[in-house]
Every structure is written in structure tokens, then in C-alpha cells.
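Text of input_7.csv (CSV, C-alpha atoms) as supplied:
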```csv
chain,number,residue,atom,x,y,z
Q,1258,MET,CA,26.6,-8.5,-9.1
Q,1259,LYS,CA,25.7,-4.9,-8.8
Q,1260,LYS,CA,22.0,-5.8,-8.7
Q,1261,TRP,CA,22.6,-8.1,-5.7
Q,1262,GLN,CA,24.6,-5.4,-4.0
Q,1263,GLU,CA,21.6,-3.1,-4.3
Q,1264,TYR,CA,19.3,-5.7,-2.9
Q,1265,GLY,CA,21.7,-6.3,0.0
Q,1266,THR,CA,21.9,-2.6,0.8
Q,1267,THR,CA,18.2,-2.3,0.7
Q,1268,LEU,CA,17.8,-5.3,3.0
Q,1269,ILE,CA,20.3,-3.8,5.5
Q,1270,GLY,CA,18.4,-0.5,5.4
Q,1271,ILE,CA,15.1,-2.3,6.2
Q,1272,ILE,CA,16.7,-4.2,9.1
Q,1273,LEU,CA,18.3,-1.0,10.5
Q,1274,LEU,CA,14.9,0.8,10.3
Q,1275,TYR,CA,13.3,-2.0,12.3
Q,1276,ILE,CA,16.1,-1.9,14.9
Q,1277,PHE,CA,15.5,1.8,15.2
Q,1278,LEU,CA,11.8,1.2,15.9
Q,1279,ILE,CA,12.8,-1.5,18.5
Q,1280,VAL,CA,15.1,1.0,20.2
Q,1281,LEU,CA,12.4,3.7,20.3
Q,1282,MET,CA,10.0,1.1,21.9
Q,1283,ALA,CA,12.7,0.1,24.4
Q,1284,VAL,CA,13.3,3.6,25.6
Q,1285,GLY,CA,9.6,4.3,25.8
Q,1286,LEU,CA,9.3,6.9,23.0
Q,1287,VAL,CA,7.0,4.5,21.1
Q,1288,ASN,CA,4.3,3.2,23.5
Q,1289,GLY,CA,1.4,0.8,22.9
Q,1290,TYR,CA,-0.8,3.5,21.5
Q,1291,HIS,CA,1.9,4.7,19.1
Q,1292,GLN,CA,2.4,1.1,18.0
Q,1293,GLY,CA,-1.3,0.8,17.2
Q,1294,VAL,CA,-1.1,4.0,15.1
Q,1295,LEU,CA,1.9,2.5,13.2
Q,1296,VAL,CA,0.0,-0.7,12.5
Q,1297,LEU,CA,-2.9,1.2,11.1
Q,1298,ILE,CA,-0.5,3.3,9.0
Q,1299,GLY,CA,1.0,0.0,7.7
Q,1300,ILE,CA,-2.4,-1.2,6.7
Q,1301,ASN,CA,-3.0,2.0,4.8
Q,1302,VAL,CA,0.4,1.7,3.2
Q,1303,ILE,CA,-0.5,-1.7,1.8
Q,1304,ALA,CA,-3.9,-0.6,0.6
Q,1305,ALA,CA,-2.6,2.7,-1.0
Q,1306,THR,CA,0.4,1.1,-2.7
Q,1307,SER,CA,-1.8,-1.6,-4.2
Q,1308,LEU,CA,-4.2,1.1,-5.5
Q,1309,ASN,CA,-1.2,2.9,-6.9
Q,1310,LEU,CA,-0.3,-0.1,-9.0
Q,1311,ALA,CA,-3.7,0.1,-10.7
Q,1312,THR,CA,-4.0,3.8,-10.9
Q,1313,GLY,CA,-0.5,5.2,-10.9
Q,1314,TYR,CA,1.3,2.6,-13.0
Q,1315,LEU,CA,-1.5,1.0,-15.0
Q,1316,GLY,CA,-3.4,4.2,-15.5
Q,1317,GLN,CA,-6.8,2.8,-14.6
Q,1318,LEU,CA,-9.0,4.9,-12.3
Q,1319,ALA,CA,-10.4,2.6,-9.5
Q,1320,LEU,CA,-12.7,4.0,-6.8
Q,1321,GLY,CA,-13.9,0.8,-5.1
Q,1322,HIS,CA,-10.7,-0.4,-3.4
Q,1323,ALA,CA,-12.5,-0.8,0.0
Q,1324,GLY,CA,-14.6,-3.5,-1.6
Q,1325,PHE,CA,-11.6,-5.6,-2.3
Q,1326,MET,CA,-10.4,-5.0,1.2
Q,1327,ALA,CA,-13.7,-6.2,2.6
Q,1328,ILE,CA,-13.5,-9.4,0.5
Q,1329,GLY,CA,-10.0,-10.1,1.8
Q,1330,ALA,CA,-11.0,-9.3,5.4
Q,1331,TYR,CA,-14.0,-11.6,5.5
Q,1332,THR,CA,-12.3,-14.4,3.5
Q,1333,ALA,CA,-9.3,-14.4,5.7
Q,1334,ALA,CA,-11.4,-14.4,8.9
Q,1335,LEU,CA,-13.7,-17.2,7.7
Q,1336,PHE,CA,-10.7,-19.2,6.5
Q,1337,MET,CA,-9.0,-18.8,9.9
Q,1338,GLN,CA,-12.3,-20.0,11.5
Q,1339,MET,CA,-12.3,-23.1,9.3
Q,1340,ILE,CA,-8.7,-24.2,9.8
Q,1341,LYS,CA,-8.6,-23.7,13.6
Q,1342,VAL,CA,-9.5,-27.4,14.0
Q,1343,ILE,CA,-6.2,-28.4,12.3
Q,1344,ASN,CA,-4.3,-26.8,15.2
Q,1345,LEU,CA,-1.7,-25.1,12.9
Q,1346,PRO,CA,0.8,-22.7,14.4
Q,1347,VAL,CA,-0.9,-19.3,14.7
Q,1348,ASP,CA,1.6,-17.5,12.5
Q,1349,ILE,CA,1.4,-20.1,9.7
Q,1350,ALA,CA,-2.4,-20.1,9.8
Q,1351,LEU,CA,-2.3,-16.3,9.7
Q,1352,VAL,CA,-0.1,-16.2,6.6
Q,1353,ALA,CA,-2.2,-18.8,4.9
Q,1354,ALA,CA,-5.4,-16.8,5.7
Q,1355,LEU,CA,-3.9,-13.6,4.4
Q,1356,ILE,CA,-2.9,-15.3,1.1
Q,1357,VAL,CA,-6.3,-16.9,0.7
Q,1358,GLY,CA,-8.0,-13.6,1.4
Q,1359,GLY,CA,-5.8,-11.9,-1.2
Q,1360,LEU,CA,-6.5,-14.6,-3.8
Q,1361,MET,CA,-10.2,-14.3,-3.3
Q,1362,ALA,CA,-10.0,-10.5,-3.8
Q,1363,ALA,CA,-7.8,-11.1,-6.9
Q,1364,PHE,CA,-10.5,-13.5,-8.2
Q,1365,PHE,CA,-13.1,-10.8,-7.9
Q,1366,GLY,CA,-10.7,-8.4,-9.4
Q,1367,VAL,CA,-10.6,-10.6,-12.5
Q,1368,ILE,CA,-14.4,-10.9,-12.5
Q,1369,ILE,CA,-14.9,-7.2,-12.3
Q,1370,GLY,CA,-11.9,-6.3,-14.5
Q,1371,ILE,CA,-12.9,-8.3,-17.6
Q,1372,PRO,CA,-16.0,-6.2,-18.4
Q,1373,ALA,CA,-15.0,-2.9,-16.5
Q,1374,LEU,CA,-11.5,-2.5,-18.1
Q,1375,ARG,CA,-13.1,-2.1,-21.5
Q,1376,LEU,CA,-14.0,1.3,-20.2
Q,1377,ARG,CA,-11.7,4.2,-19.5
Q,1378,GLY,CA,-11.4,7.3,-17.3
Q,1379,ASP,CA,-14.5,8.4,-15.3
Q,1380,TYR,CA,-16.6,5.5,-16.6
Q,1381,LEU,CA,-14.2,2.9,-15.2
Q,1382,GLY,CA,-14.2,4.8,-11.9
Q,1383,ILE,CA,-18.0,4.8,-11.7
Q,1384,VAL,CA,-18.1,1.0,-12.4
Q,1385,THR,CA,-15.5,0.2,-9.7
Q,1386,LEU,CA,-17.4,2.6,-7.3
Q,1387,GLY,CA,-20.6,0.6,-8.0
Q,1388,PHE,CA,-18.7,-2.6,-7.3
Q,1389,GLY,CA,-17.5,-1.4,-4.0
Q,1390,GLU,CA,-21.1,-0.4,-3.0
Q,1391,ILE,CA,-22.4,-3.8,-4.1
Q,1392,ILE,CA,-19.9,-5.6,-1.9
Q,1393,LYS,CA,-20.8,-3.5,1.1
Q,1394,ASN,CA,-24.5,-4.0,0.7
Q,1395,ALA,CA,-24.0,-7.8,0.2
Q,1396,ILE,CA,-22.0,-8.0,3.4
Q,1397,PHE,CA,-24.8,-6.2,5.3
Q,1398,ASN,CA,-27.3,-8.8,4.1
Q,1399,LEU,CA,-25.5,-12.1,4.3
Q,1400,ASP,CA,-25.8,-14.3,7.4
Q,1401,PHE,CA,-22.3,-15.9,7.4
Q,1402,THR,CA,-20.7,-12.4,7.5
Q,1403,GLY,CA,-22.6,-11.4,10.6
Q,1404,GLY,CA,-24.6,-8.8,8.7
Q,1405,ALA,CA,-24.6,-5.3,10.1
Q,1406,ARG,CA,-23.3,-6.6,13.5
Q,1407,GLY,CA,-20.0,-7.5,12.0
Q,1408,TYR,CA,-17.9,-10.7,12.2
Q,1409,ARG,CA,-16.4,-11.9,15.5
Q,1410,GLY,CA,-14.9,-15.2,15.0
Q,1411,TYR,CA,-11.5,-16.9,15.7
Q,1412,LEU,CA,-9.1,-14.3,14.4
Q,1413,GLY,CA,-5.3,-14.2,14.5
Q,1414,SER,CA,-3.3,-11.3,15.9
Q,1415,ILE,CA,-1.2,-8.6,14.2
Q,1416,ASN,CA,1.4,-6.7,16.1
Q,1417,LEU,CA,3.9,-4.1,15.0
Q,1418,THR,CA,6.6,-6.6,14.2
Q,1419,LYS,CA,4.3,-8.7,12.0
Q,1420,MET,CA,2.9,-5.6,10.4
Q,1421,TYR,CA,6.5,-4.4,9.6
Q,1422,ILE,CA,7.4,-7.7,8.0
Q,1423,ILE,CA,4.2,-7.8,5.9
Q,1424,VAL,CA,4.7,-4.2,4.7
Q,1425,ALA,CA,8.3,-4.9,3.8
Q,1426,ILE,CA,7.4,-8.0,1.8
Q,1427,VAL,CA,4.5,-6.3,0.0
Q,1428,LEU,CA,6.6,-3.2,-0.9
Q,1429,THR,CA,9.5,-5.5,-2.1
Q,1430,VAL,CA,7.2,-7.5,-4.3
Q,1431,LEU,CA,5.7,-4.3,-5.8
Q,1432,PHE,CA,9.1,-2.8,-6.5
Q,1433,LEU,CA,10.3,-6.0,-8.2
Q,1434,LEU,CA,7.1,-6.2,-10.2
Q,1435,ILE,CA,7.3,-2.6,-11.4
Q,1436,ARG,CA,10.9,-3.0,-12.4
Q,1437,SER,CA,10.2,-6.2,-14.3
Q,1438,ARG,CA,9.2,-6.5,-17.9
Q,1439,HIS,CA,5.6,-6.9,-16.7
Q,1440,GLY,CA,5.8,-3.6,-14.9
Q,1441,ARG,CA,7.2,-1.9,-17.9
Q,1442,ALA,CA,4.4,-3.3,-20.0
Q,1443,MET,CA,1.8,-1.8,-17.6
Q,1444,ILE,CA,3.6,1.6,-17.6
Q,1445,SER,CA,3.6,1.5,-21.4
Q,1446,ILE,CA,-0.2,1.0,-21.3
Q,1447,LYS,CA,-0.6,4.0,-19.1
Q,1448,GLU,CA,1.6,6.2,-21.3
Q,1449,ASP,CA,-0.1,5.2,-24.6
Q,1450,GLU,CA,-2.3,2.2,-24.9
Q,1451,ILE,CA,-2.5,2.3,-28.7
Q,1452,ALA,CA,1.3,2.5,-29.1
Q,1453,ALA,CA,1.8,-0.3,-26.6
Q,1454,GLU,CA,-0.6,-2.5,-28.4
Q,1455,ALA,CA,1.1,-1.6,-31.7
Q,1456,VAL,CA,4.4,-2.9,-30.5
Q,1457,GLY,CA,3.0,-6.2,-29.3
Q,1458,VAL,CA,2.1,-5.6,-25.7
Q,1459,PRO,CA,-1.0,-7.7,-24.8
Q,1460,THR,CA,-2.9,-4.8,-23.3
Q,1461,THR,CA,-6.0,-6.7,-22.3
Q,1462,PHE,CA,-4.0,-9.3,-20.4
Q,1463,TYR,CA,-1.8,-6.7,-18.6
Q,1464,LYS,CA,-4.8,-4.6,-17.6
Q,1465,ILE,CA,-6.5,-7.5,-16.0
Q,1466,PHE,CA,-3.3,-8.8,-14.5
Q,1467,GLY,CA,-2.5,-5.4,-13.0
Q,1468,PHE,CA,-6.0,-4.9,-11.7
Q,1469,ALA,CA,-6.1,-8.4,-10.2
Q,1470,THR,CA,-2.7,-7.9,-8.6
Q,1471,SER,CA,-3.8,-4.6,-7.1
Q,1472,ALA,CA,-6.9,-6.4,-5.7
Q,1473,PHE,CA,-4.8,-9.2,-4.3
Q,1474,PHE,CA,-2.7,-6.8,-2.1
Q,1475,ALA,CA,-5.9,-4.9,-1.2
Q,1476,GLY,CA,-7.3,-8.2,0.1
Q,1477,ILE,CA,-4.1,-8.7,2.2
Q,1478,ALA,CA,-4.6,-5.2,3.6
Q,1479,GLY,CA,-8.2,-6.1,4.5
Q,1480,GLY,CA,-7.1,-9.3,6.2
Q,1481,THR,CA,-4.5,-7.5,8.3
Q,1482,LEU,CA,-7.1,-5.0,9.4
Q,1483,ALA,CA,-9.4,-7.7,10.5
Q,1484,PHE,CA,-6.7,-9.6,12.4
Q,1485,TYR,CA,-5.5,-6.4,14.1
Q,1486,GLN,CA,-8.9,-5.3,15.2
Q,1487,LYS,CA,-10.0,-8.9,16.0
Q,1488,MET,CA,-13.3,-8.1,14.5
Q,1489,ILE,CA,-14.7,-6.9,11.2
Q,1490,ASP,CA,-17.0,-3.8,11.1
Q,1491,PRO,CA,-18.8,-3.7,7.7
Q,1492,LYS,CA,-19.3,0.1,8.2
Q,1493,LYS,CA,-15.6,0.5,7.7
Q,1494,PHE,CA,-15.5,-0.5,4.0
Q,1495,THR,CA,-17.5,2.4,2.6
Q,1496,PHE,CA,-17.0,4.7,-0.4
Q,1497,MET,CA,-15.4,7.2,1.9
Q,1498,TYR,CA,-12.7,4.7,2.9
Q,1499,SER,CA,-11.9,4.2,-0.8
Q,1500,VAL,CA,-11.6,7.9,-1.2
Q,1501,GLU,CA,-9.2,8.1,1.8
Q,1502,ILE,CA,-7.0,5.5,0.1
Q,1503,PHE,CA,-7.2,7.4,-3.2
Q,1504,ILE,CA,-6.2,10.7,-1.5
Q,1505,ILE,CA,-3.1,9.0,-0.1
Q,1506,VAL,CA,-2.1,7.9,-3.6
Q,1507,VAL,CA,-2.7,11.3,-5.1
Q,1508,LEU,CA,-0.8,13.2,-2.3
Q,1509,GLY,CA,2.2,10.8,-2.5
Q,1510,GLY,CA,2.4,10.8,-6.2
Q,1511,MET,CA,0.8,8.6,-8.8
Q,1512,GLY,CA,3.7,6.4,-9.9
Q,1513,SER,CA,5.7,6.5,-6.7
Q,1514,ILE,CA,5.6,3.7,-4.2
Q,1515,THR,CA,7.7,5.5,-1.6
Q,1516,GLY,CA,5.7,8.7,-2.1
Q,1517,THR,CA,2.6,6.7,-1.2
Q,1518,VAL,CA,4.3,5.5,1.9
Q,1519,VAL,CA,5.3,9.0,2.9
Q,1520,ALA,CA,1.7,10.3,2.3
Q,1521,ALA,CA,0.3,7.4,4.3
Q,1522,VAL,CA,2.5,8.2,7.3
Q,1523,ILE,CA,1.7,11.9,7.1
Q,1524,LEU,CA,-2.1,11.4,6.9
Q,1525,GLY,CA,-1.9,8.6,9.5
Q,1526,VAL,CA,-0.3,10.9,12.0
Q,1527,LEU,CA,-2.5,13.8,11.0
Q,1528,ASN,CA,-5.6,11.6,11.5
Q,1529,GLU,CA,-4.7,11.1,15.1
Q,1530,PHE,CA,-4.9,14.9,15.7
Q,1531,LEU,CA,-8.2,15.2,13.8
Q,1532,HIS,CA,-10.1,12.3,15.3
Q,1533,VAL,CA,-11.9,14.8,17.7
Q,1534,ILE,CA,-13.5,16.4,14.6
Q,1535,ASP,CA,-14.2,13.3,12.7
Q,1536,GLN,CA,-16.9,14.7,10.4
Q,1537,TRP,CA,-14.5,17.5,9.3
Q,1538,ARG,CA,-11.6,15.2,8.7
Q,1539,LEU,CA,-12.4,14.5,5.0
Q,1540,VAL,CA,-13.0,18.2,4.5
Q,1541,ILE,CA,-9.4,18.9,5.6
Q,1542,TYR,CA,-8.1,16.1,3.4
Q,1543,SER,CA,-10.0,17.7,0.5
Q,1544,ILE,CA,-8.5,21.1,1.2
Q,1545,LEU,CA,-5.0,19.5,1.3
Q,1546,LEU,CA,-5.7,17.8,-2.0
Q,1547,VAL,CA,-6.8,21.0,-3.6
Q,1548,ILE,CA,-3.7,22.8,-2.4
Q,1549,MET,CA,-1.5,20.0,-3.6
Q,1550,MET,CA,-3.2,20.0,-7.1
Q,1551,ILE,CA,-2.5,23.8,-7.3
Q,1552,PHE,CA,1.1,23.9,-6.2
Q,1553,ARG,CA,2.4,20.4,-6.8
Q,1554,PRO,CA,0.0,18.4,-9.1
Q,1555,GLU,CA,2.5,15.5,-9.4
Q,1556,GLY,CA,2.3,14.8,-5.7
Q,1557,LEU,CA,4.9,14.8,-3.0
Q,1558,MET,CA,7.4,12.7,-4.9
Q,1559,GLY,CA,5.9,12.6,-8.4
Q,1560,SER,CA,7.3,9.5,-10.1
Q,1561,LYS,CA,10.6,9.5,-8.1
Q,1562,GLU,CA,11.5,6.8,-5.5
Q,1563,PHE,CA,13.5,6.8,-2.3
Q,1564,SER,CA,16.4,4.3,-2.4
Q,1565,PHE,CA,18.7,3.1,0.4
Q,1566,VAL,CA,21.3,2.6,-2.3
Q,1567,GLY,CA,20.9,6.2,-3.4
Q,1568,LEU,CA,21.1,7.4,0.2
Q,1569,VAL,CA,24.4,5.4,0.7
Q,1570,LYS,CA,25.9,6.9,-2.5
Q,1571,TRP,CA,24.9,10.4,-1.4
Q,1572,LEU,CA,26.5,9.9,2.0
Q,1573,LEU,CA,29.7,8.5,0.4
Q,1574,LYS,CA,29.8,11.4,-2.0
Q,1575,LYS,CA,29.5,13.9,0.9
Q,1576,MET,CA,32.2,12.1,2.8
Q,1577,ASN,CA,34.5,12.2,-0.2
Q,1578,LYS,CA,33.9,15.9,-0.7
Q,1579,SER,CA,34.7,16.7,2.9
Q,1580,SER,CA,37.8,14.6,2.9
Q,1581,VAL,CA,39.0,16.3,-0.3
Q,1582,GLY,CA,38.3,19.7,1.3
Q,1583,ASP,CA,40.4,18.7,4.4
Q,1584,ASP,CA,43.3,17.6,2.1
Q,1585,LYS,CA,43.2,20.9,0.4
Q,1586,ASP,CA,43.2,22.8,3.7
Q,1587,SER,CA,46.2,20.8,5.0
Q,1588,ALA,CA,48.1,21.3,1.7
Q,1589,SER,CA,47.5,25.1,1.8
Q,1590,LEU,CA,48.8,25.2,5.4
Q,1591,GLU,CA,52.0,23.3,4.3
Q,1592,VAL,CA,52.6,25.8,1.5
Q,1593,LYS,CA,52.3,28.7,3.9
```

Would it be possible to restate this file's structure as C-alpha cells?
Amino acid sequence: MKKWQEYGTTLIGIILLYIFLIVLMAVGLVNGYHQGVLVLIGINVIAATSLNLATGYLGQLALGHAGFMAIGAYTAALFMQMIKVINLPVDIALVAALIVGGLMAAFFGVIIGIPALRLRGDYLGIVTLGFGEIIKNAIFNLDFTGGARGYRGYLGSINLTKMYIIVAIVLTVLFLLIRSRHGRAMISIKEDEIAAEAVGVPTTFYKIFGFATSAFFAGIAGGTLAFYQKMIDPKKFTFMYSVEIFIIVVLGGMGSITGTVVAAVILGVLNEFLHVIDQWRLVIYSILLVIMMIFRPEGLMGSKEFSFVGLVKWLLKKMNKSSVGDDKDSASLEVK
């Protein structure tokens, strides 16, 4: 019962946060431009948390995450173009397209993961980096993707409400996965792969499973980006975009989903102030990364997680302390 109480408290917190956003929009503190920034932040949250699953929890260095996002984006867009003749409701078609885009990215995650995950450390990073570049160059030279012109087909639409729901679902699934026995198996591989294999953990299976799951959510992030922008620019999915996602993971904390969310919000807001000096943006990100590695190498939150349940318990504890203090003051007045 306690577990369901925690889930209920978390659900109430998510709903209250959405109501807070609605109130801010109603009073004009969050205008259309701000909503667009929040949608882009949500896309980066999905992409970075999916990378954190592979890098922070599974312990596998991946530097080609933009490639999986590109696969998800083009697959979702092409699928939406194919099913428009069925006249499905737009939201149902959009959900189906995002899932298909994620599944296609997961398929490529398995294909690249089977040979690449035999490697470790920097070598794995180089292989995934090469995969991302192969995907980018393939997109530039294929006719059905539109080549360098990009893709402009029948696309769905993503607004702040839809983005909030998608982010909430993705984060919930990732939290439940990490807290399950499958998540603990992946964490054990990160801590000591030899020991994990010695106690019976099928390390090969979980490495491919974790990598494919990470690619699946990256594909969903790519699909939401395509549907929000209503076009796909192949120049977006470069190595530098993979680096930006990786920076979010490192700044937030490898092994912390909520830390990744906080870092994505901070860098998303900071990015709006730095768009006038676009070519220097990554330099500033790199300086922030160096400072973080010197003073807090574990990231903003390390391996800790924010919890609505923990927040409620902390508030109740503070209220109890204040009530006890008031009782003591009244008792001392009565004695006098």
C-alpha cells in the first residue's frame, strides 16, 4: 500500500506542476515564445535522460545519440505521411508515429549494440560516434528523406501540453525501469561487470537491452522534435548535438534522472541568452563542464533523485517541528 501511496503523491505533484504552468500562461507570465522554449527543453529532457540510461546507469559511453534521434524523427514523419490516408485522429496518429519511430531507433540500437558493446570505454564511444556520422551522411544522400533540403511532409503538431504529457510518461517509465530488477541488473553491470556475471546476471542481454531502450526513447525525442518544428533539418543531428546531450547528462549527474532534468532546464534557459553568440555557445558549455568537473565531478545531483514524496515528508516534518515549538512556548508562558 505504501508503494501506491508514493505513486499517488507523485501523480498529484505532476498534476499540480502542470496546473502551475497553466496559471502562469493564463496570467501572461509564460507567453508563446516561452512555451516554445519549454517544448525544446522537454525534447532535450527526453534525449538526455535516455542517454543517461545507457551512460549513467549501464555505464556504456555513447556519443552518437543524435543518430538515434534522426532515425526516430524521419521514421515518425514518414509513418505519419503513410497513415494520413486512414484519417485517424491526429493525436492517435501522432502517438503511433512516435512509438514506431522509437521502435525503429531501438532496432538500430540492437544492430549497433551487438558488435559495439563488446568494446568498452573510449573504444565504444568512438564506434557510437561513427554510427551517428554514418546516419547523418546517409540522410544527406537518400531521396526519400529529402536529402540536404530536409523533410517537409504531413507532420503532426506538438504543443506544451502534449510535450508535458510525453515527458511525464517517459520519466515515469524510466524511473520504474531503474527501480525494477532489470534496472538493478544494469546498475550492477556498471559497478562491476565481472562480479555481475559471476552472480548470474546475463550481462550481454542487459547491455543490449539497456542500449536499445535508450535508443527507443531517443527516437521518441527525435519524433517530437520533428513534429514540433513541422520539418526535419538533417543539419540538426550532428556530432555537436550529441555532445550537447552528453553535457546535459554530465552536468546533471550520471545516475540521476532528476539531475538531468534540472541540467536540461538550466542549459535550455542559458541557451536562449547565448543564441546571439552561437559559435561561442559550446565553448561556454565546455567551460561550465570543466568547472563542474573540478568542483563537483559527480554533477549537480550526483546519484540522488528529487521525490515529491520526500518533499511532502520534509514539509510535514517542518510543520511538526513548528507545532512542537509553539506548544513549548505556550507551556512556558503558562508556567510563568

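Every protein, DNA or RNA residue with an atom at most 7 Å from region 1548-1556 of chain Q, where all atoms listed in the file count and chain neighbours fewer than 5 positions away do not, is listed here: Q:Val1507, Q:Leu1508, Q:Gly1509, Q:Gly1510.
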
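For His1291 (chain Q), the residues within 10 Å (counting all atoms listed in the file, excluding itself and residues fewer than 6 positions away along the chain) are Met1282, Leu1297, Leu1417 and Val1526 of chain Q.
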
Which of Q:Val1296, Q:Ala1334, Q:Val1302, Q:Val1540 sits closest to Thr1418 (chain Q) [using only C-alpha atoms]:
Q:Val1296

Counting only C-alpha atoms, give me one row per residue of region 1302-1332 of chain Q with an atom at most 6 Å from an atom of region 1492-1501 of chain Q, showing the shortest contact pair and its distance in Å to one decimal, sorted by chain then residue number, as CSV.
```
residue,atom,partner,partner_atom,distance
Q:Gly1321,CA,Q:Ser1499,CA,5.8
Q:His1322,CA,Q:Ser1499,CA,5.4
Q:Ala1323,CA,Q:Phe1494,CA,5.0
```

Mind checking which residues fall within 12 Å of Val1456 (chain Q), counting only C-alpha atoms, ignoring those fewer than 6 positions away in the same chain, and posting them as a PyMOL selection string?
chain Q and resi 1442+1445-1446+1449-1450

Identify the residues around (1.5, -10.1, 1.5) within a radius of 10 Å, measuring from only C-alpha atoms in the coordinates stated by the file, and give them as a list in words.
Ile1303, Val1352, Leu1355, Ile1356, Gly1359, Ile1422, Ile1423, Val1424, Ala1425, Ile1426, Val1427, Leu1428, Thr1429, Val1430, Phe1473, Phe1474, Ala1475, Gly1476, Ile1477, Ala1478, Gly1480 and Thr1481 of chain Q

Pick out the residues sitting within 10 Å of Val1522 (chain Q), and hand them over as an NGL selection string; count all atoms listed in the file, and ignore anything fewer than 5 positions along from it in its own chain.
:Q and (1294-1295 or 1297-1299 or 1301-1302 or 1505 or 1516-1517 or 1527-1528)

Spatial neighbours of Ile1279 (chain Q), 12 Å, all atoms listed in the file, chain gap at least 4 places, as a PyMOL selection string
chain Q and resi 1272-1275+1283-1288+1292+1417-1418+1421

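When only C-alpha atoms are used to compute distances to Ala1520 (chain Q), the closest of the residues Q:Leu1482, Q:Leu1546, Q:Leu1539, Q:Leu1386 turns out to be Q:Leu1546.
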
Take CA of Ala1353 (chain Q) and CA of Ala1472 (chain Q) and report the distance between them in Å, one decimal.
17.0 Å
